[in-house]
>>> print(open('input.txt').read())   # compact mmCIF, N, CA and C atoms
# COMPACT_ATOMS: atom_id res chain seq x y z
N GLY A 564 30.94 179.31 105.53
CA GLY A 564 30.14 178.81 106.62
C GLY A 564 30.62 177.44 107.06
N TRP A 565 29.84 176.83 107.93
CA TRP A 565 30.20 175.52 108.47
C TRP A 565 30.29 174.46 107.37
N GLY A 566 29.42 174.58 106.34
CA GLY A 566 29.46 173.60 105.26
C GLY A 566 30.80 173.57 104.57
N GLY A 567 31.33 174.76 104.23
CA GLY A 567 32.65 174.85 103.61
C GLY A 567 33.74 174.35 104.53
N TRP A 568 33.61 174.66 105.81
CA TRP A 568 34.60 174.23 106.80
C TRP A 568 34.66 172.72 106.86
N GLY A 569 33.50 172.08 106.81
CA GLY A 569 33.45 170.62 106.86
C GLY A 569 34.09 169.98 105.63
N ARG A 570 33.80 170.56 104.46
CA ARG A 570 34.41 170.04 103.23
C ARG A 570 35.92 170.22 103.25
N LEU A 571 36.36 171.38 103.71
CA LEU A 571 37.79 171.65 103.78
C LEU A 571 38.47 170.66 104.71
N LEU A 572 37.88 170.42 105.86
CA LEU A 572 38.45 169.49 106.83
C LEU A 572 38.52 168.07 106.26
N LEU A 573 37.45 167.64 105.62
CA LEU A 573 37.42 166.31 105.01
C LEU A 573 38.51 166.17 103.95
N LEU A 574 38.63 167.18 103.11
CA LEU A 574 39.60 167.13 102.03
C LEU A 574 41.03 167.17 102.56
N GLU A 575 41.28 167.97 103.58
CA GLU A 575 42.62 167.98 104.19
C GLU A 575 42.95 166.62 104.79
N TYR A 576 42.00 166.01 105.44
CA TYR A 576 42.20 164.70 106.05
C TYR A 576 42.48 163.65 104.96
N TYR A 577 41.69 163.67 103.90
CA TYR A 577 41.86 162.73 102.79
C TYR A 577 43.23 162.92 102.13
N THR A 578 43.60 164.16 101.87
CA THR A 578 44.89 164.47 101.25
C THR A 578 46.04 163.94 102.10
N GLU A 579 45.96 164.16 103.39
CA GLU A 579 47.00 163.69 104.31
C GLU A 579 47.11 162.16 104.26
N ALA A 580 45.97 161.49 104.14
CA ALA A 580 45.95 160.03 104.15
C ALA A 580 46.58 159.41 102.90
N ILE A 581 46.52 160.10 101.75
CA ILE A 581 47.01 159.49 100.51
C ILE A 581 48.28 160.13 99.95
N LYS A 582 48.78 161.17 100.59
CA LYS A 582 49.90 161.91 100.00
C LYS A 582 51.17 161.09 99.80
N SER A 583 51.36 160.04 100.57
CA SER A 583 52.58 159.23 100.44
C SER A 583 52.64 158.49 99.10
N GLU A 584 51.54 158.42 98.38
CA GLU A 584 51.49 157.74 97.09
C GLU A 584 51.99 158.63 95.94
N PHE A 585 52.35 159.88 96.24
CA PHE A 585 52.69 160.85 95.20
C PHE A 585 54.07 161.46 95.44
N GLU A 586 54.71 161.87 94.35
CA GLU A 586 56.01 162.54 94.45
C GLU A 586 55.86 163.97 94.96
N VAL A 587 54.83 164.64 94.48
CA VAL A 587 54.56 166.03 94.85
C VAL A 587 53.11 166.13 95.30
N THR A 588 52.90 166.74 96.46
CA THR A 588 51.55 166.97 96.96
C THR A 588 51.43 168.43 97.34
N TYR A 589 50.36 169.08 96.88
CA TYR A 589 50.13 170.46 97.28
C TYR A 589 48.64 170.73 97.39
N PHE A 590 48.27 171.40 98.45
CA PHE A 590 46.89 171.77 98.73
C PHE A 590 46.81 173.29 98.63
N LEU A 591 46.23 173.78 97.55
CA LEU A 591 46.08 175.22 97.34
C LEU A 591 44.68 175.61 97.78
N ALA A 592 44.59 176.17 98.98
CA ALA A 592 43.30 176.50 99.58
C ALA A 592 42.83 177.89 99.13
N ASN A 593 41.52 178.06 99.13
CA ASN A 593 40.91 179.37 98.88
C ASN A 593 41.42 180.03 97.60
N VAL A 594 41.42 179.28 96.51
CA VAL A 594 41.92 179.78 95.23
C VAL A 594 41.17 181.03 94.80
N SER A 595 39.84 181.01 94.86
CA SER A 595 39.07 182.16 94.38
C SER A 595 39.38 183.41 95.20
N GLU A 596 39.52 183.26 96.51
CA GLU A 596 39.83 184.40 97.37
C GLU A 596 41.23 184.95 97.06
N THR A 597 42.20 184.07 96.90
CA THR A 597 43.56 184.50 96.56
C THR A 597 43.56 185.25 95.24
N CYS A 598 42.85 184.72 94.26
CA CYS A 598 42.81 185.35 92.93
C CYS A 598 42.09 186.70 92.97
N GLU A 599 41.00 186.79 93.73
CA GLU A 599 40.27 188.06 93.83
C GLU A 599 41.13 189.13 94.49
N LYS A 600 41.86 188.77 95.53
CA LYS A 600 42.66 189.75 96.27
C LYS A 600 43.98 190.08 95.57
N ASN A 601 44.65 189.05 95.03
CA ASN A 601 46.02 189.23 94.54
C ASN A 601 46.25 188.82 93.10
N GLY A 602 45.26 188.27 92.43
CA GLY A 602 45.40 187.86 91.04
C GLY A 602 45.85 186.41 90.89
N ILE A 603 45.64 185.88 89.71
CA ILE A 603 45.95 184.47 89.42
C ILE A 603 47.46 184.21 89.53
N VAL A 604 48.28 185.18 89.21
CA VAL A 604 49.73 184.98 89.27
C VAL A 604 50.16 184.66 90.71
N GLN A 605 49.50 185.25 91.70
CA GLN A 605 49.84 184.94 93.09
C GLN A 605 49.55 183.47 93.41
N ALA A 606 48.42 182.96 92.93
CA ALA A 606 48.11 181.54 93.15
C ALA A 606 49.14 180.66 92.45
N GLN A 607 49.53 181.03 91.23
CA GLN A 607 50.57 180.29 90.53
C GLN A 607 51.88 180.32 91.31
N LYS A 608 52.23 181.49 91.85
CA LYS A 608 53.48 181.63 92.61
C LYS A 608 53.48 180.72 93.84
N GLU A 609 52.33 180.61 94.52
CA GLU A 609 52.26 179.72 95.68
C GLU A 609 52.59 178.29 95.29
N LEU A 610 52.02 177.84 94.17
CA LEU A 610 52.27 176.48 93.69
C LEU A 610 53.73 176.32 93.26
N VAL A 611 54.23 177.28 92.49
CA VAL A 611 55.61 177.21 92.00
C VAL A 611 56.61 177.26 93.15
N ASP A 612 56.34 178.09 94.16
CA ASP A 612 57.21 178.14 95.36
C ASP A 612 57.31 176.76 96.00
N HIS A 613 56.18 176.09 96.11
CA HIS A 613 56.17 174.76 96.73
C HIS A 613 56.96 173.75 95.89
N ILE A 614 56.81 173.83 94.58
CA ILE A 614 57.46 172.87 93.69
C ILE A 614 58.96 173.13 93.60
N ASN A 615 59.33 174.38 93.37
CA ASN A 615 60.72 174.73 93.04
C ASN A 615 61.47 175.48 94.14
N GLY A 616 60.77 175.91 95.17
CA GLY A 616 61.42 176.68 96.23
C GLY A 616 61.56 178.16 95.91
N SER A 617 61.23 178.55 94.69
CA SER A 617 61.31 179.96 94.30
C SER A 617 60.35 180.22 93.15
N SER A 618 59.70 181.37 93.20
CA SER A 618 58.78 181.74 92.12
C SER A 618 59.22 183.03 91.43
N ARG A 619 60.50 183.39 91.57
CA ARG A 619 60.94 184.67 91.03
C ARG A 619 60.80 184.77 89.51
N ASN A 620 60.80 183.64 88.81
CA ASN A 620 60.63 183.65 87.35
C ASN A 620 59.17 183.67 86.92
N CYS A 621 58.27 183.66 87.87
CA CYS A 621 56.83 183.64 87.59
C CYS A 621 56.32 185.08 87.62
N LYS A 622 56.42 185.75 86.47
CA LYS A 622 56.10 187.18 86.41
C LYS A 622 54.71 187.47 85.83
N ASN A 623 54.16 186.51 85.12
CA ASN A 623 52.83 186.69 84.53
C ASN A 623 52.16 185.32 84.37
N GLU A 624 50.92 185.32 83.91
CA GLU A 624 50.16 184.06 83.78
C GLU A 624 50.87 183.06 82.87
N TYR A 625 51.42 183.55 81.76
CA TYR A 625 52.08 182.66 80.82
C TYR A 625 53.29 181.99 81.47
N ASP A 626 54.13 182.78 82.15
CA ASP A 626 55.29 182.21 82.85
C ASP A 626 54.85 181.16 83.85
N GLY A 627 53.81 181.49 84.63
CA GLY A 627 53.31 180.56 85.64
C GLY A 627 52.88 179.24 85.03
N ARG A 628 52.13 179.31 83.95
CA ARG A 628 51.66 178.09 83.27
C ARG A 628 52.84 177.27 82.78
N ARG A 629 53.79 177.93 82.15
CA ARG A 629 54.97 177.25 81.59
C ARG A 629 55.79 176.58 82.69
N ILE A 630 56.00 177.29 83.81
CA ILE A 630 56.80 176.75 84.91
C ILE A 630 56.10 175.57 85.58
N ILE A 631 54.80 175.70 85.82
CA ILE A 631 54.04 174.60 86.43
C ILE A 631 54.14 173.36 85.56
N GLN A 632 53.87 173.53 84.27
CA GLN A 632 53.90 172.39 83.36
C GLN A 632 55.29 171.77 83.29
N ALA A 633 56.31 172.58 83.13
CA ALA A 633 57.68 172.06 83.01
C ALA A 633 58.15 171.38 84.29
N SER A 634 57.72 171.88 85.43
CA SER A 634 58.17 171.34 86.72
C SER A 634 57.48 170.04 87.09
N LEU A 635 56.27 169.84 86.60
CA LEU A 635 55.48 168.68 87.04
C LEU A 635 55.24 167.65 85.95
N PHE A 636 55.76 167.89 84.76
CA PHE A 636 55.49 167.05 83.60
C PHE A 636 55.76 165.57 83.82
N HIS A 637 56.82 165.23 84.51
CA HIS A 637 57.17 163.82 84.71
C HIS A 637 56.95 163.34 86.14
N LYS A 638 56.21 164.10 86.93
CA LYS A 638 56.02 163.74 88.34
C LYS A 638 54.60 163.30 88.61
N LYS A 639 54.48 162.32 89.50
CA LYS A 639 53.17 161.88 89.96
C LYS A 639 52.72 162.87 91.03
N VAL A 640 51.67 163.62 90.72
CA VAL A 640 51.27 164.77 91.52
C VAL A 640 49.88 164.57 92.12
N LEU A 641 49.74 165.00 93.36
CA LEU A 641 48.42 165.17 93.98
C LEU A 641 48.28 166.66 94.21
N LEU A 642 47.41 167.29 93.43
CA LEU A 642 47.18 168.73 93.53
C LEU A 642 45.73 168.96 93.90
N VAL A 643 45.52 169.68 94.99
CA VAL A 643 44.17 170.03 95.41
C VAL A 643 43.98 171.51 95.16
N LEU A 644 42.98 171.84 94.36
CA LEU A 644 42.61 173.23 94.10
C LEU A 644 41.27 173.46 94.77
N TYR A 645 41.30 174.09 95.93
CA TYR A 645 40.11 174.24 96.75
C TYR A 645 39.43 175.58 96.48
N ASP A 646 38.18 175.51 96.09
CA ASP A 646 37.33 176.68 95.87
C ASP A 646 37.70 177.44 94.60
N ILE A 647 37.54 176.76 93.48
CA ILE A 647 37.71 177.36 92.16
C ILE A 647 36.36 177.97 91.76
N ASN A 648 36.37 179.20 91.23
CA ASN A 648 35.09 179.76 90.78
C ASN A 648 35.14 180.38 89.39
N GLU A 649 36.28 180.27 88.70
CA GLU A 649 36.39 180.79 87.34
C GLU A 649 37.20 179.84 86.47
N GLU A 650 36.83 179.77 85.20
CA GLU A 650 37.57 178.93 84.25
C GLU A 650 39.04 179.36 84.17
N LYS A 651 39.30 180.65 84.26
CA LYS A 651 40.67 181.17 84.18
C LYS A 651 41.56 180.55 85.26
N GLN A 652 41.01 180.31 86.42
CA GLN A 652 41.79 179.71 87.51
C GLN A 652 42.23 178.30 87.14
N LEU A 653 41.32 177.51 86.59
CA LEU A 653 41.67 176.16 86.16
C LEU A 653 42.70 176.19 85.03
N LYS A 654 42.47 177.07 84.07
CA LYS A 654 43.35 177.17 82.91
C LYS A 654 44.79 177.50 83.32
N ASN A 655 44.95 178.32 84.33
CA ASN A 655 46.28 178.78 84.71
C ASN A 655 46.95 177.97 85.81
N LEU A 656 46.22 177.04 86.42
CA LEU A 656 46.81 176.21 87.48
C LEU A 656 46.93 174.74 87.08
N ALA A 657 46.03 174.27 86.23
CA ALA A 657 46.03 172.85 85.86
C ALA A 657 45.22 172.65 84.59
N GLU A 658 45.63 173.29 83.52
CA GLU A 658 44.81 173.27 82.31
C GLU A 658 44.64 171.89 81.69
N GLU A 659 45.71 171.17 81.55
CA GLU A 659 45.66 169.89 80.84
C GLU A 659 46.17 168.75 81.70
N GLN A 660 45.62 167.57 81.49
CA GLN A 660 46.08 166.37 82.18
C GLN A 660 47.56 166.10 81.89
N ASP A 661 47.99 166.41 80.66
CA ASP A 661 49.38 166.13 80.30
C ASP A 661 50.39 167.12 80.89
N TRP A 662 49.93 168.06 81.70
CA TRP A 662 50.86 168.90 82.47
C TRP A 662 51.52 168.07 83.57
N PHE A 663 50.90 166.95 83.92
CA PHE A 663 51.31 166.17 85.08
C PHE A 663 51.69 164.76 84.66
N GLY A 664 52.53 164.13 85.46
CA GLY A 664 52.98 162.78 85.16
C GLY A 664 51.88 161.74 85.32
N SER A 665 52.19 160.55 84.87
CA SER A 665 51.27 159.42 84.95
C SER A 665 50.87 159.14 86.40
N GLY A 666 49.60 158.86 86.62
CA GLY A 666 49.11 158.54 87.95
C GLY A 666 48.76 159.73 88.80
N SER A 667 48.88 160.93 88.24
CA SER A 667 48.57 162.15 89.00
C SER A 667 47.08 162.27 89.26
N SER A 668 46.75 162.96 90.34
CA SER A 668 45.35 163.26 90.67
C SER A 668 45.23 164.74 90.96
N ILE A 669 44.30 165.37 90.28
CA ILE A 669 44.01 166.78 90.51
C ILE A 669 42.60 166.83 91.08
N ILE A 670 42.49 167.32 92.31
CA ILE A 670 41.20 167.41 92.98
C ILE A 670 40.78 168.87 92.96
N ILE A 671 39.60 169.12 92.42
CA ILE A 671 39.10 170.48 92.28
C ILE A 671 37.79 170.59 93.04
N THR A 672 37.68 171.59 93.90
CA THR A 672 36.39 171.83 94.54
C THR A 672 35.82 173.12 93.97
N THR A 673 34.53 173.08 93.69
CA THR A 673 33.83 174.23 93.14
C THR A 673 32.34 174.06 93.40
N ARG A 674 31.65 175.16 93.40
CA ARG A 674 30.18 175.11 93.48
C ARG A 674 29.58 175.17 92.08
N ASP A 675 30.42 175.38 91.06
CA ASP A 675 29.99 175.53 89.68
C ASP A 675 30.33 174.26 88.89
N MET A 676 29.37 173.36 88.77
CA MET A 676 29.59 172.09 88.07
C MET A 676 29.98 172.30 86.61
N HIS A 677 29.54 173.40 86.03
CA HIS A 677 29.86 173.70 84.64
C HIS A 677 31.38 173.79 84.43
N LEU A 678 32.10 174.33 85.40
CA LEU A 678 33.56 174.43 85.29
C LEU A 678 34.19 173.05 85.17
N LEU A 679 33.68 172.09 85.92
CA LEU A 679 34.22 170.73 85.86
C LEU A 679 33.92 170.09 84.51
N LYS A 680 32.74 170.35 83.99
CA LYS A 680 32.36 169.76 82.70
C LYS A 680 33.19 170.33 81.55
N ILE A 681 33.39 171.65 81.53
CA ILE A 681 34.18 172.22 80.43
C ILE A 681 35.66 171.89 80.58
N HIS A 682 36.08 171.55 81.77
CA HIS A 682 37.47 171.15 82.01
C HIS A 682 37.65 169.65 81.78
N ASP A 683 36.58 168.97 81.41
CA ASP A 683 36.60 167.54 81.11
C ASP A 683 37.09 166.71 82.30
N ALA A 684 36.51 167.00 83.47
CA ALA A 684 36.87 166.26 84.69
C ALA A 684 36.51 164.79 84.51
N HIS A 685 37.38 163.91 84.98
CA HIS A 685 37.20 162.47 84.80
C HIS A 685 36.31 161.82 85.85
N GLY A 686 36.13 162.45 86.95
CA GLY A 686 35.25 161.92 87.99
C GLY A 686 34.70 163.07 88.80
N ILE A 687 33.40 163.17 88.86
CA ILE A 687 32.78 164.25 89.62
C ILE A 687 32.05 163.62 90.79
N TYR A 688 32.39 164.07 91.98
CA TYR A 688 31.80 163.54 93.20
C TYR A 688 31.12 164.66 93.97
N ASN A 689 29.89 164.42 94.35
CA ASN A 689 29.18 165.34 95.21
C ASN A 689 29.39 164.90 96.64
N VAL A 690 30.02 165.73 97.43
CA VAL A 690 30.29 165.37 98.83
C VAL A 690 29.02 165.59 99.63
N GLN A 691 28.62 164.55 100.32
CA GLN A 691 27.42 164.62 101.15
C GLN A 691 27.79 165.14 102.53
N ARG A 692 26.84 165.76 103.15
CA ARG A 692 27.03 166.28 104.50
C ARG A 692 27.30 165.13 105.47
N LEU A 693 28.24 165.33 106.39
CA LEU A 693 28.54 164.31 107.39
C LEU A 693 27.39 164.19 108.39
N GLY A 694 27.17 162.97 108.82
CA GLY A 694 26.24 162.76 109.92
C GLY A 694 26.89 163.22 111.21
N GLU A 695 26.09 163.37 112.25
CA GLU A 695 26.61 163.88 113.51
C GLU A 695 27.73 163.01 114.07
N SER A 696 27.56 161.69 114.05
CA SER A 696 28.60 160.82 114.62
C SER A 696 29.88 160.88 113.79
N GLU A 697 29.76 160.98 112.46
CA GLU A 697 30.94 161.10 111.60
C GLU A 697 31.67 162.41 111.86
N ALA A 698 30.91 163.48 112.02
CA ALA A 698 31.51 164.79 112.29
C ALA A 698 32.25 164.78 113.62
N PHE A 699 31.65 164.17 114.64
CA PHE A 699 32.30 164.11 115.95
C PHE A 699 33.56 163.25 115.92
N HIS A 700 33.60 162.26 115.03
CA HIS A 700 34.79 161.42 114.89
C HIS A 700 35.91 162.18 114.18
N LEU A 701 35.57 162.91 113.13
CA LEU A 701 36.56 163.61 112.33
C LEU A 701 37.12 164.84 113.04
N PHE A 702 36.28 165.59 113.72
CA PHE A 702 36.70 166.85 114.32
C PHE A 702 37.94 166.73 115.21
N PRO A 703 37.98 165.81 116.17
CA PRO A 703 39.16 165.76 117.04
C PRO A 703 40.44 165.32 116.31
N LEU A 704 40.30 164.63 115.18
CA LEU A 704 41.48 164.21 114.43
C LEU A 704 42.22 165.41 113.84
N LYS A 705 41.48 166.45 113.50
CA LYS A 705 42.09 167.64 112.90
C LYS A 705 42.21 168.81 113.87
N ALA A 706 41.39 168.84 114.89
CA ALA A 706 41.35 170.02 115.76
C ALA A 706 42.40 169.99 116.86
N PHE A 707 42.83 168.81 117.26
CA PHE A 707 43.74 168.74 118.41
C PHE A 707 45.04 168.06 118.06
>>> encode(input="input.txt", output="structure tokens")
Amino acid sequence: GWGGWGRLLLLEYYTEAIKSEFEVTYFLANVSETCEKNGIVQAQKELVDHINGSSRNCKNEYDGRRIIQASLFHKKVLLVLYDINEEKQLKNLAEEQDWFGSGSSIIITTRDMHLLKIHDAHGIYNVQRLGESEAFHLFPLKAF
């Protein structure tokens, strides 16, 4: 609905504004939908394709985890995982902080706060609804 659209727009805008501070930036949208339709390996392949230019070695969840970790271990990463709804998704895309280099930021959106707590998230922010004037300011920046 519109609520999700607003959060997505805000997050895309924020990501664009700070991406120059990172070596690798990737916005993986609609994670739960991708996983439901095509499985977690497809979501891993999208990330691996962006990092390495090829995901042909990503044949299963284990391969995907190993490749993601090995490829990003020493890099300062901004990874956005938008719309996570299962622990398995977090485990296979960004299980541990030490998968990523120093200064990395992993932004996870979910409606299930429990997932963030069991994943030991370092900062949990509840995004508030934009006011009308804020929404009218943001919309043309992304729409046109």
>>> select_by_dssp(input="input.txt", residues="chain A", states="strand (DSSP E)", output="PyMOL selection string")
chain A and resi 587-591+640-644+668-671
>>> closest_residue(input="input.txt", among="A:Ser696, A:Arg629, A:Leu610, A:Lys651", to="Tyr589 (chain A)", atoms="all atoms listed in the file")
A:Leu610
>>> select_by_dssp(input="input.txt", residues="chain A", states="alpha helix (DSSP H)", output="PyMOL selection string")
chain A and resi 565-581+594-601+603-615+624-635+650-657+676-681+695-706
>>> closest_residue(input="input.txt", among="A:Thr672, A:Gln607, A:Asn615, A:Asn601", to="Ile647 (chain A)", atoms="all atoms listed in the file")
A:Thr672
>>> residues_around(input="input.txt", residues="region 673-680 of chain A", least_positions_apart="3", cutoff="6.5 Å", atoms="all atoms listed in the file", output="ChimeraX atom specification")
/A:645-648,650,683-684
>>> closest_residue(input="input.txt", among="A:Asp661, A:Ser618, A:Glu649, A:Lys638", to="Glu586 (chain A)", atoms="only N, CA and C atoms")
A:Lys638
>>> closest_residue(input="input.txt", among="A:Glu658, A:Ile581, A:Arg619, A:Phe663", to="Ser634 (chain A)", atoms="only C-alpha atoms")
A:Phe663
>>> axis_aligned_box(input="input.txt", around="region 577-585 of chain A", padding_each_side="6 Å", output="JSON")
{"center_x": 47.9, "center_y": 161.1, "center_z": 99.8, "size_x": 24.4, "size_y": 18.7, "size_z": 21.1}
>>> atom_distance(input="input.txt", atom1="atom C of Ile670 (chain A)", atom2="atom C of Ala657 (chain A)")
10.2 Å
>>> atom_distance(input="input.txt", atom1="atom C of Gln605 (chain A)", atom2="CA of Val643 (chain A)")
14.6 Å
>>> closest_residue(input="input.txt", among="A:Leu591, A:Leu653, A:Leu635, A:Ile681", to="Glu575 (chain A)", atoms="only C-alpha atoms")
A:Leu591
>>> atom_distance(input="input.txt", atom1="CA of Ile669 (chain A)", atom2="CA of Lys622 (chain A)")
24.1 Å
>>> closest_residue(input="input.txt", among="A:Val640, A:Asn620, A:His613, A:Asn655", to="Cys598 (chain A)", atoms="only C-alpha atoms")
A:Asn655
